[in-house]
file final.txt (compact mmCIF, C-alpha atoms)
# COMPACT_ATOMS: atom_id res chain seq x y z
CA MET A 346 -36.64 -19.47 10.21
CA SER A 347 -34.55 -16.55 11.42
CA ALA A 348 -36.07 -13.18 12.27
CA PRO A 349 -35.92 -10.47 9.58
CA LEU A 350 -32.84 -8.26 9.41
CA ILE A 351 -33.82 -4.64 10.08
CA LEU A 352 -31.77 -1.59 9.13
CA GLY A 353 -32.53 1.33 11.45
CA ILE A 354 -31.80 4.99 10.69
CA GLU A 355 -32.03 7.76 13.29
CA SER A 356 -31.57 11.48 12.53
CA SER A 357 -34.03 13.39 14.70
CA CYS A 358 -31.51 15.79 16.22
CA ASP A 359 -27.70 15.85 16.18
CA GLU A 360 -26.79 12.14 16.03
CA THR A 361 -26.68 10.19 12.79
CA GLY A 362 -27.39 6.60 13.82
CA VAL A 363 -27.38 3.45 11.69
CA ALA A 364 -27.92 0.00 13.18
CA LEU A 365 -28.73 -3.55 12.18
CA VAL A 366 -30.98 -5.74 14.33
CA ARG A 367 -32.22 -9.29 13.84
CA GLY A 368 -35.03 -10.10 16.26
CA ASN A 369 -33.72 -8.80 19.58
CA ASP A 370 -30.08 -9.25 18.59
CA LEU A 371 -28.08 -6.13 17.81
CA LEU A 372 -25.47 -6.74 15.11
CA VAL A 373 -24.03 -3.23 14.95
CA ASP A 374 -24.79 0.29 16.15
CA ALA A 375 -22.86 3.05 14.36
CA VAL A 376 -23.26 6.68 15.43
CA ALA A 377 -21.81 9.97 14.17
CA SER A 378 -22.48 12.98 16.40
CA SER A 379 -22.37 16.67 15.49
CA VAL A 380 -22.69 17.87 19.10
CA ASP A 381 -19.28 19.58 19.03
CA GLU A 382 -20.40 21.73 16.09
CA HIS A 383 -23.27 23.10 18.20
CA ALA A 384 -21.30 23.75 21.39
CA ARG A 385 -20.27 27.28 20.36
CA PHE A 386 -23.94 28.18 19.85
CA GLY A 387 -25.03 26.77 23.21
CA GLY A 388 -27.73 24.65 21.54
CA ILE A 389 -28.72 22.68 18.46
CA ILE A 390 -28.86 24.67 15.21
CA PRO A 391 -31.19 22.70 12.87
CA GLU A 392 -29.45 23.84 9.66
CA VAL A 393 -26.04 22.82 11.01
CA ALA A 394 -27.42 19.48 12.17
CA SER A 395 -29.05 18.84 8.78
CA ARG A 396 -25.78 19.44 6.94
CA ALA A 397 -23.95 17.18 9.36
CA HIS A 398 -26.48 14.38 8.71
CA LEU A 399 -26.03 14.81 4.95
CA GLU A 400 -22.27 14.45 5.32
CA ALA A 401 -22.40 11.56 7.78
CA MET A 402 -25.24 9.40 6.45
CA VAL A 403 -23.43 7.39 3.77
CA PRO A 404 -20.15 6.94 5.70
CA THR A 405 -22.08 5.82 8.80
CA LEU A 406 -24.15 3.37 6.75
CA GLU A 407 -21.00 1.96 5.13
CA ARG A 408 -19.30 1.64 8.52
CA ALA A 409 -22.28 -0.23 9.99
CA LEU A 410 -22.44 -2.68 7.08
CA ALA A 411 -18.70 -3.30 7.22
CA GLU A 412 -18.64 -3.88 10.99
CA ALA A 413 -21.57 -6.30 10.80
CA ASP A 414 -20.17 -7.97 7.66
CA VAL A 415 -23.56 -7.54 6.01
CA ARG A 416 -24.50 -6.51 2.46
CA LEU A 417 -27.34 -4.10 1.78
CA SER A 418 -29.06 -6.85 -0.19
CA ASP A 419 -29.25 -8.90 3.03
CA VAL A 420 -31.52 -6.33 4.67
CA ASP A 421 -35.21 -7.35 4.91
CA ALA A 422 -36.74 -4.01 5.93
CA ILE A 423 -35.74 -0.42 6.68
CA ALA A 424 -36.93 1.50 9.74
CA VAL A 425 -36.44 5.24 10.07
CA THR A 426 -37.38 7.93 12.57
CA ALA A 427 -40.42 9.76 11.13
CA GLY A 428 -40.86 11.97 14.23
CA PRO A 429 -40.88 13.66 16.59
CA GLY A 430 -37.75 15.76 16.16
CA LEU A 431 -36.32 18.60 14.10
CA VAL A 432 -37.82 18.79 10.60
CA GLY A 433 -34.54 19.29 8.71
CA PRO A 434 -32.64 16.42 10.34
CA LEU A 435 -35.70 14.14 10.16
CA THR A 436 -36.01 14.87 6.44
CA VAL A 437 -32.42 13.84 5.76
CA GLY A 438 -32.89 10.48 7.47
CA ALA A 439 -36.28 9.83 5.90
CA SER A 440 -34.95 10.70 2.42
CA ALA A 441 -32.05 8.29 2.85
CA ALA A 442 -34.36 5.52 4.06
CA LYS A 443 -36.81 6.05 1.18
CA ALA A 444 -33.98 5.97 -1.35
CA LEU A 445 -32.68 2.71 0.10
CA ALA A 446 -36.18 1.19 0.16
CA VAL A 447 -36.71 2.03 -3.52
CA ALA A 448 -33.25 0.91 -4.61
CA LEU A 449 -33.41 -2.37 -2.69
CA GLY A 450 -37.11 -3.06 -3.19
CA LYS A 451 -37.54 -3.47 0.58
CA PRO A 452 -40.42 -2.33 2.82
CA LEU A 453 -40.11 0.96 4.70
CA TYR A 454 -41.31 1.60 8.26
CA GLY A 455 -41.50 5.14 9.64
CA VAL A 456 -41.42 4.83 13.43
CA ASN A 457 -41.67 6.99 16.54
CA HIS A 458 -38.43 8.28 18.03
CA VAL A 459 -39.69 8.49 21.62
CA VAL A 460 -41.17 4.98 21.60
CA GLY A 461 -37.83 3.82 20.20
CA HIS A 462 -36.13 5.00 23.40
CA ALA A 463 -38.19 2.41 25.26
CA ALA A 464 -37.96 -0.30 22.58
CA VAL A 465 -34.15 -0.40 22.67
CA ASP A 466 -34.25 -1.98 26.13
CA GLN A 467 -35.52 -5.17 24.52
CA LEU A 468 -32.09 -5.59 22.91
CA VAL A 469 -30.50 -5.56 26.36
CA HIS A 470 -32.92 -7.22 28.77
CA GLY A 471 -34.99 -9.38 26.41
CA GLU A 472 -38.70 -9.52 25.64
CA PHE A 473 -41.02 -7.12 27.41
CA PRO A 474 -43.80 -8.34 29.71
CA GLU A 475 -47.38 -8.08 28.45
CA ARG A 476 -47.76 -4.64 30.04
CA PHE A 477 -45.19 -2.18 31.36
CA MET A 478 -44.60 1.49 32.08
CA ALA A 479 -42.01 3.52 30.18
CA LEU A 480 -40.54 6.82 31.33
CA VAL A 481 -38.73 8.48 28.42
CA VAL A 482 -36.68 11.48 29.48
CA SER A 483 -34.37 13.44 27.19
CA GLY A 484 -33.42 16.91 26.05
CA GLY A 485 -36.75 17.35 24.29
CA HIS A 486 -39.10 14.90 25.98
CA SER A 487 -40.34 13.88 29.41
CA SER A 488 -43.05 11.35 28.67
CA LEU A 489 -44.82 8.67 30.71
CA LEU A 490 -46.14 5.82 28.58
CA LEU A 491 -48.32 2.82 29.42
CA VAL A 492 -47.30 0.08 26.99
CA ASP A 493 -49.51 -2.91 26.23
CA ASP A 494 -47.62 -3.70 23.03
CA ILE A 495 -44.48 -1.80 22.02
CA ALA A 496 -45.36 -2.24 18.34
CA THR A 497 -49.07 -1.41 18.35
CA ASP A 498 -50.49 -0.20 21.67
CA VAL A 499 -48.91 2.72 23.52
CA THR A 500 -50.88 5.14 25.71
CA GLU A 501 -49.42 8.47 26.77
CA LEU A 502 -50.35 9.09 30.41
CA GLY A 503 -48.37 12.28 30.87
CA SER A 504 -45.75 14.58 29.40
CA THR A 505 -43.95 17.84 30.06
CA LEU A 506 -46.01 21.01 29.83
CA ASP A 507 -42.95 23.17 29.19
CA ASP A 508 -39.25 22.33 29.56
CA ALA A 509 -38.21 18.70 29.35
CA ALA A 510 -35.90 17.39 32.08
CA GLY A 511 -32.80 17.39 29.89
CA GLU A 512 -33.62 20.86 28.58
CA ALA A 513 -33.90 22.18 32.14
CA PHE A 514 -30.52 20.66 32.99
CA ASP A 515 -28.90 22.37 30.00
CA LYS A 516 -30.39 25.72 31.03
CA VAL A 517 -29.27 25.36 34.64
CA GLY A 518 -25.85 24.37 33.34
CA ARG A 519 -25.66 27.71 31.54
CA LEU A 520 -26.74 29.50 34.75
CA LEU A 521 -23.85 27.86 36.59
CA GLY A 522 -21.36 28.66 33.83
CA LEU A 523 -20.89 25.04 32.76
CA PRO A 524 -20.03 23.92 29.20
CA TYR A 525 -22.68 22.79 26.69
CA PRO A 526 -24.40 20.39 26.86
CA GLY A 527 -25.04 21.15 30.51
CA GLY A 528 -26.73 17.91 31.56
CA PRO A 529 -23.67 15.69 32.09
CA HIS A 530 -21.74 18.57 33.71
CA VAL A 531 -24.58 19.36 36.14
CA ASP A 532 -24.81 15.64 36.97
CA ARG A 533 -21.08 15.40 37.75
CA LEU A 534 -21.15 18.57 39.84
CA ALA A 535 -24.26 17.39 41.70
CA ARG A 536 -22.41 14.33 42.97
CA GLU A 537 -20.13 16.67 44.93
CA GLY A 538 -22.98 18.63 46.54
CA ASP A 539 -25.69 18.22 49.18
CA PRO A 540 -29.09 17.44 47.59
CA THR A 541 -30.87 18.66 50.73
CA ALA A 542 -29.04 22.01 50.93
CA ILE A 543 -31.74 23.98 49.08
CA ARG A 544 -35.42 23.06 48.85
CA PHE A 545 -36.36 23.83 45.28
CA PRO A 546 -40.02 23.46 44.17
CA ARG A 547 -41.50 20.24 42.80
CA GLY A 548 -43.68 21.22 39.84
CA LEU A 549 -47.29 19.97 39.49
CA THR A 550 -47.21 18.06 42.77
CA ALA A 551 -49.58 20.29 44.76
CA ALA A 552 -53.07 18.91 45.46
CA LYS A 553 -54.68 21.46 43.11
CA ASP A 554 -52.49 20.24 40.23
CA GLN A 555 -52.97 16.52 40.79
CA ALA A 556 -56.51 16.28 39.43
CA LYS A 557 -55.68 17.81 36.05
CA HIS A 558 -51.98 16.95 35.74
CA MET A 559 -51.54 13.76 37.75
CA TYR A 560 -48.87 12.38 35.42
CA ASP A 561 -47.63 15.56 33.73
CA PHE A 562 -44.32 17.30 34.40
CA SER A 563 -43.25 20.94 34.54
CA PHE A 564 -39.67 22.09 35.04
CA SER A 565 -39.86 25.70 33.87
CA GLY A 566 -40.79 26.96 37.35
CA LEU A 567 -37.97 24.96 38.89
CA LYS A 568 -35.50 26.43 36.43
CA THR A 569 -36.74 29.95 37.28
CA ALA A 570 -36.46 29.21 41.01
CA VAL A 571 -32.84 28.15 40.54
CA ALA A 572 -32.11 31.30 38.52
CA ARG A 573 -33.61 33.54 41.21
CA TRP A 574 -31.75 31.73 43.98
CA VAL A 575 -28.45 32.05 42.11
CA GLU A 576 -29.11 35.74 41.37
CA ALA A 577 -30.00 36.54 44.99
CA HIS A 578 -26.99 34.67 46.32
CA THR A 579 -24.66 36.36 43.83
CA ASP A 580 -26.05 39.80 44.70
CA SER A 581 -25.29 39.15 48.37
CA GLY A 582 -21.62 38.83 47.53
CA SER A 583 -21.33 35.31 48.93
CA PRO A 584 -19.48 32.57 47.02
CA LEU A 585 -21.93 30.50 44.99
CA PRO A 586 -22.15 26.90 46.28
CA THR A 587 -22.48 25.52 42.74
CA ALA A 588 -22.27 21.86 43.79
CA ASP A 589 -25.10 22.27 46.31
CA VAL A 590 -27.21 24.16 43.76
CA ALA A 591 -26.65 21.43 41.18
CA ALA A 592 -27.38 18.63 43.67
CA SER A 593 -30.54 20.28 45.03
CA PHE A 594 -31.83 21.01 41.52
CA ALA A 595 -31.09 17.47 40.32
CA ALA A 596 -32.81 16.04 43.40
CA ALA A 597 -35.97 18.03 42.65
CA VAL A 598 -36.10 16.73 39.08
CA ALA A 599 -35.45 13.10 40.08
CA ASP A 600 -37.99 13.31 42.90
CA VAL A 601 -40.83 14.46 40.64
CA LEU A 602 -40.03 12.05 37.80
CA THR A 603 -39.81 8.98 40.02
CA ALA A 604 -42.71 9.85 42.35
CA LYS A 605 -45.18 10.35 39.51
CA THR A 606 -43.91 7.30 37.63
CA ILE A 607 -44.13 4.94 40.63
CA ALA A 608 -47.64 6.25 41.35
CA ALA A 609 -48.63 5.54 37.74
CA CYS A 610 -47.27 1.99 37.98
CA GLU A 611 -49.19 1.30 41.18
CA ARG A 612 -52.47 2.79 39.95
CA ASN A 613 -52.29 0.80 36.69
CA GLY A 614 -51.19 -2.48 38.25
CA VAL A 615 -47.86 -2.47 36.42
CA ASP A 616 -44.83 -4.21 37.94
CA THR A 617 -42.18 -3.38 35.31
CA LEU A 618 -40.71 0.05 34.59
CA VAL A 619 -38.46 0.86 31.64
CA ILE A 620 -36.58 4.17 31.71
CA GLY A 621 -34.96 5.44 28.51
CA GLY A 622 -33.78 8.58 26.74
CA GLY A 623 -30.63 10.65 27.10
CA PHE A 624 -31.54 11.98 30.54
CA SER A 625 -31.83 8.44 31.92
CA ALA A 626 -28.03 8.59 32.16
CA ASN A 627 -28.50 10.96 35.11
CA SER A 628 -27.08 9.34 38.25
CA GLN A 629 -29.61 10.77 40.73
CA LEU A 630 -32.52 9.62 38.58
CA ARG A 631 -31.06 6.11 38.28
CA ASP A 632 -30.33 5.85 42.01
CA LEU A 633 -33.71 7.18 43.15
CA ALA A 634 -35.63 5.09 40.62
CA ALA A 635 -33.80 1.95 41.80
CA GLU A 636 -34.54 2.78 45.44
CA ARG A 637 -38.23 3.55 44.94
CA CYS A 638 -38.83 0.62 42.57
CA ALA A 639 -37.30 -1.76 45.12
CA GLN A 640 -39.58 -0.36 47.83
CA ALA A 641 -42.65 -0.75 45.58
CA GLY A 642 -41.75 -4.22 44.28
CA ILE A 643 -41.36 -2.96 40.71
CA THR A 644 -38.80 -4.43 38.31
CA LEU A 645 -36.63 -1.61 36.92
CA ARG A 646 -35.08 -1.88 33.45
CA ILE A 647 -32.67 0.83 32.28
CA PRO A 648 -30.45 0.14 29.27
CA PRO A 649 -26.72 0.99 29.42
CA ILE A 650 -25.91 4.64 28.86
CA ARG A 651 -24.72 4.06 25.27
CA TYR A 652 -28.29 3.12 24.32
CA CYS A 653 -29.89 6.03 26.18
CA THR A 654 -28.73 8.79 23.85
CA ASP A 655 -30.07 8.91 20.27
CA ASN A 656 -28.87 5.96 18.18
CA GLY A 657 -29.85 3.72 15.30
CA ALA A 658 -30.29 0.68 17.57
CA MET A 659 -33.46 2.12 19.13
CA ILE A 660 -35.03 2.63 15.70
CA ALA A 661 -33.95 -0.79 14.43
CA ALA A 662 -35.31 -2.36 17.64
CA LEU A 663 -38.69 -0.70 17.25
CA GLY A 664 -38.69 -1.52 13.54
CA SER A 665 -38.00 -5.15 14.38
CA ALA A 666 -40.91 -5.23 16.83
CA VAL A 667 -43.24 -3.60 14.30
CA VAL A 668 -42.26 -6.00 11.51
CA ARG A 669 -42.65 -9.07 13.75
CA ALA A 670 -46.08 -7.81 14.85
CA GLY A 671 -47.23 -7.88 11.23
CA VAL A 672 -47.80 -4.13 10.93
CA ALA A 673 -48.22 -2.96 7.34
CA PRO A 674 -45.26 -1.07 5.84
CA SER A 675 -45.33 2.71 5.44
CA SER A 676 -45.91 4.29 2.06
CA LEU A 677 -42.92 5.79 0.31
CA ASP A 678 -44.42 9.27 0.52
CA ILE A 679 -44.73 9.40 4.32
CA PRO A 680 -44.02 12.89 5.67
CA VAL A 681 -41.88 13.59 8.72
CA ASP A 682 -43.74 14.93 11.75
CA SER A 683 -41.88 17.13 14.24
CA SER A 684 -44.69 16.69 16.78
CA MET A 685 -45.72 13.10 16.11
CA PRO A 686 -48.14 11.86 18.80
CA LEU A 687 -46.59 9.23 21.06
CA THR A 688 -49.61 6.99 20.51
CA THR A 689 -48.46 6.70 16.87
CA VAL A 690 -45.83 3.95 16.94
CA SER A 691 -45.48 3.71 13.16
CA VAL A 692 -46.93 5.60 10.19

call {"tool": "encode", "arguments": {"input": "final.txt", "output": "structure tokens"}}
result
Amino acid sequence: MSAPLILGIESSCDETGVALVRGNDLLVDAVASSVDEHARFGGIIPEVASRAHLEAMVPTLERALAEADVRLSDVDAIAVTAGPGLVGPLTVGASAAKALAVALGKPLYGVNHVVGHAAVDQLVHGEFPERFMALVVSGGHSSLLLVDDIATDVTELGSTLDDAAGEAFDKVGRLLGLPYPGGPHVDRLAREGDPTAIRFPRGLTAAKDQAKHMYDFSFSGLKTAVARWVEAHTDSGSPLPTADVAASFAAAVADVLTAKTIAACERNGVDTLVIGGGFSANSQLRDLAAERCAQAGITLRIPPIRYCTDNGAMIAALGSAVVRAGVAPSSLDIPVDSSMPLTTVSV
């Protein structure tokens, strides 16, 4: 008997994602992004994103069905992002999913966006081991998760206390006069610079912070340190070494993320690490994680970049895992939750 066919809908921020997954096999992943509409504002405008989701939802669904050569009646269950994310965009996706569930008479599963960033790796590298660590890093999240079962048992070990890694990159990008979103531009510029040129601080790594925030992250102080360094250097009249600033900043972020994550793996006896989320596309993070995992004897799994940014495949993948685990469907009146706890895999 074949695995159930899951339709996944993602709309937590500025990407409208619709995907179809059967078991761990991805049939199609269709995405419509509104990022260009936000560029002139220098950040995501929830009302603009919500309107973009409204306009894109049906065309993206139709495109996914056509590319997979699947009819809506073939779908066995519908998974949708219920949180965390922006309330307006989440509501559009949840409303579409509820309407489809009612019209088709199919079960609905509201699932966790952040956990989905880890779950999508199963479509690429196959079944997860019994226990693994997941580092999910994006524009809004920097979370360290101990996973005993991707569908039912996720423990949050640590998270960001202020800016997420991707958010800090966007802010530093603005400091350096780079286009929005700053993350990819800072990453490209960093490859041209010297990561050891400037010693920027590593947040929450001092001995006094370790007891209370062993696995937590903080990038606000780092961002401020970069701003002060840039301001002081500019005031001196010297040309700003933007590539060195970008490289040194990126090195500080990658150092903290990987050091705390490897330590968590070793202390919890975990030998597999999954890294996901939009910021996992960062080249310094990927390189340093690969180097440190190899030294520690830890298997590193990072999905291709196309699966790291927000997409329907991650939600369909998590929905597939939840359905196969026998989790009860969500009720049709489930609310969206902008701050959904990461221990809540489905609602």

call {"tool": "closest_residue", "arguments": {"input": "final.txt", "among": "A:Ala595, A:Met478, A:Ile354, A:Ala441", "to": "Leu645 of chain A", "atoms": "only C-alpha atoms"}}
result
A:Met478

call {"tool": "axis_aligned_box", "arguments": {"input": "final.txt", "around": "segment 513-517 of chain A", "padding_each_side": "4 Å", "output": "AutoDock Vina command-line options"}}
result
--center_x -31.4 --center_y 23.2 --center_z 32.3 --size_x 13.0 --size_y 13.1 --size_z 12.6

call {"tool": "residues_around", "arguments": {"input": "final.txt", "residues": "segment 466-473 of chain A", "least_positions_apart": "4", "cutoff": "9 Å", "atoms": "only C-alpha atoms", "output": "PyMOL selection string"}}
result
chain A and resi 366+368-371+462+477+494-495+617+619-621+646-649+652+658-659+662

call {"tool": "atom_distance", "arguments": {"input": "final.txt", "atom1": "atom CA of Lys568 of chain A", "atom2": "atom CA of His458 of chain A"}}
result
26.0 Å

call {"tool": "closest_residue", "arguments": {"input": "final.txt", "among": "A:Glu576, A:Asp421, A:Asp493, A:Glu636", "to": "Val668 of chain A", "atoms": "only C-alpha atoms"}}
result
A:Asp421

call {"tool": "residues_around", "arguments": {"input": "final.txt", "residues": "Thr361 of chain A", "least_positions_apart": "6", "cutoff": "6 Å", "atoms": "only C-alpha atoms", "output": "NGL selection string"}}
result
:A and (355 or 376-377 or 398)

call {"tool": "closest_residue", "arguments": {"input": "final.txt", "among": "A:Ser583, A:Phe624, A:Ala556, A:Val456", "to": "Pro529 of chain A", "atoms": "all atoms listed in the file"}}
result
A:Phe624

call {"tool": "atom_distance", "arguments": {"input": "final.txt", "atom1": "atom CA of Ala635 of chain A", "atom2": "atom CA of Gly511 of chain A"}}
result
19.5 Å

call {"tool": "closest_residue", "arguments": {"input": "final.txt", "among": "A:Leu523, A:Ala591, A:Ala442, A:Ala577", "to": "Ala542 of chain A", "atoms": "all atoms listed in the file"}}
result
A:Ala591

call {"tool": "decode", "arguments": {"input": "final.txt", "residues": "segment 518-573 of chain A", "atoms": "C-alpha atoms", "output": "PDB file, in the first residue's frame"}}
result
ATOM      1  CA  GLY A 518      23.766  44.531   5.035  1.00  0.00           C
ATOM      2  CA  ARG A 519      21.963  47.846   5.488  1.00  0.00           C
ATOM      3  CA  LEU A 520      24.936  49.197   7.477  1.00  0.00           C
ATOM      4  CA  LEU A 521      27.215  48.351   4.563  1.00  0.00           C
ATOM      5  CA  GLY A 522      24.848  49.866   1.993  1.00  0.00           C
ATOM      6  CA  LEU A 523      23.927  46.532   0.416  1.00  0.00           C
ATOM      7  CA  PRO A 524      20.555  45.770  -1.236  1.00  0.00           C
ATOM      8  CA  TYR A 525      17.695  44.039   0.600  1.00  0.00           C
ATOM      9  CA  PRO A 526      17.637  41.252   1.618  1.00  0.00           C
ATOM     10  CA  GLY A 527      21.137  41.725   2.968  1.00  0.00           C
ATOM     11  CA  GLY A 528      21.976  38.120   3.862  1.00  0.00           C
ATOM     12  CA  PRO A 529      22.999  36.804   0.426  1.00  0.00           C
ATOM     13  CA  HIS A 530      24.846  40.048  -0.387  1.00  0.00           C
ATOM     14  CA  VAL A 531      26.808  39.988   2.889  1.00  0.00           C
ATOM     15  CA  ASP A 532      27.656  36.325   2.225  1.00  0.00           C
ATOM     16  CA  ARG A 533      28.982  37.077  -1.267  1.00  0.00           C
ATOM     17  CA  LEU A 534      30.987  40.061  -0.034  1.00  0.00           C
ATOM     18  CA  ALA A 535      32.381  38.032   2.881  1.00  0.00           C
ATOM     19  CA  ARG A 536      33.968  35.555   0.483  1.00  0.00           C
ATOM     20  CA  GLU A 537      36.209  38.373  -0.759  1.00  0.00           C
ATOM     21  CA  GLY A 538      37.342  39.451   2.719  1.00  0.00           C
ATOM     22  CA  ASP A 539      39.552  38.262   5.579  1.00  0.00           C
ATOM     23  CA  PRO A 540      37.479  36.634   8.360  1.00  0.00           C
ATOM     24  CA  THR A 541      40.298  37.247  10.851  1.00  0.00           C
ATOM     25  CA  ALA A 542      40.715  40.965  10.047  1.00  0.00           C
ATOM     26  CA  ILE A 543      38.445  42.178  12.878  1.00  0.00           C
ATOM     27  CA  ARG A 544      37.687  40.306  16.091  1.00  0.00           C
ATOM     28  CA  PHE A 545      33.994  40.885  16.663  1.00  0.00           C
ATOM     29  CA  PRO A 546      32.362  39.562  19.883  1.00  0.00           C
ATOM     30  CA  ARG A 547      30.832  36.106  20.213  1.00  0.00           C
ATOM     31  CA  GLY A 548      27.568  36.535  22.112  1.00  0.00           C
ATOM     32  CA  LEU A 549      26.696  34.366  25.150  1.00  0.00           C
ATOM     33  CA  THR A 550      29.985  32.466  25.055  1.00  0.00           C
ATOM     34  CA  ALA A 551      31.559  33.918  28.204  1.00  0.00           C
ATOM     35  CA  ALA A 552      31.747  31.633  31.251  1.00  0.00           C
ATOM     36  CA  LYS A 553      29.147  33.712  33.124  1.00  0.00           C
ATOM     37  CA  ASP A 554      26.640  33.199  30.285  1.00  0.00           C
ATOM     38  CA  GLN A 555      27.184  29.478  29.816  1.00  0.00           C
ATOM     39  CA  ALA A 556      25.313  28.320  32.917  1.00  0.00           C
ATOM     40  CA  LYS A 557      22.077  30.109  32.037  1.00  0.00           C
ATOM     41  CA  HIS A 558      22.332  30.287  28.236  1.00  0.00           C
ATOM     42  CA  MET A 559      24.441  27.283  27.257  1.00  0.00           C
ATOM     43  CA  TYR A 560      22.562  26.730  23.993  1.00  0.00           C
ATOM     44  CA  ASP A 561      21.024  30.170  23.432  1.00  0.00           C
ATOM     45  CA  PHE A 562      22.155  32.723  20.855  1.00  0.00           C
ATOM     46  CA  SER A 563      22.398  36.506  20.836  1.00  0.00           C
ATOM     47  CA  PHE A 564      23.407  38.569  17.816  1.00  0.00           C
ATOM     48  CA  SER A 565      22.166  42.022  18.803  1.00  0.00           C
ATOM     49  CA  GLY A 566      25.443  42.901  20.548  1.00  0.00           C
ATOM     50  CA  LEU A 567      27.426  41.696  17.553  1.00  0.00           C
ATOM     51  CA  LYS A 568      25.332  43.842  15.234  1.00  0.00           C
ATOM     52  CA  THR A 569      25.937  46.871  17.486  1.00  0.00           C
ATOM     53  CA  ALA A 570      29.671  46.142  17.577  1.00  0.00           C
ATOM     54  CA  VAL A 571      29.767  46.105  13.779  1.00  0.00           C
ATOM     55  CA  ALA A 572      27.826  49.390  13.639  1.00  0.00           C
ATOM     56  CA  ARG A 573      30.229  51.067  16.069  1.00  0.00           C
TER      57      ARG A 573
END
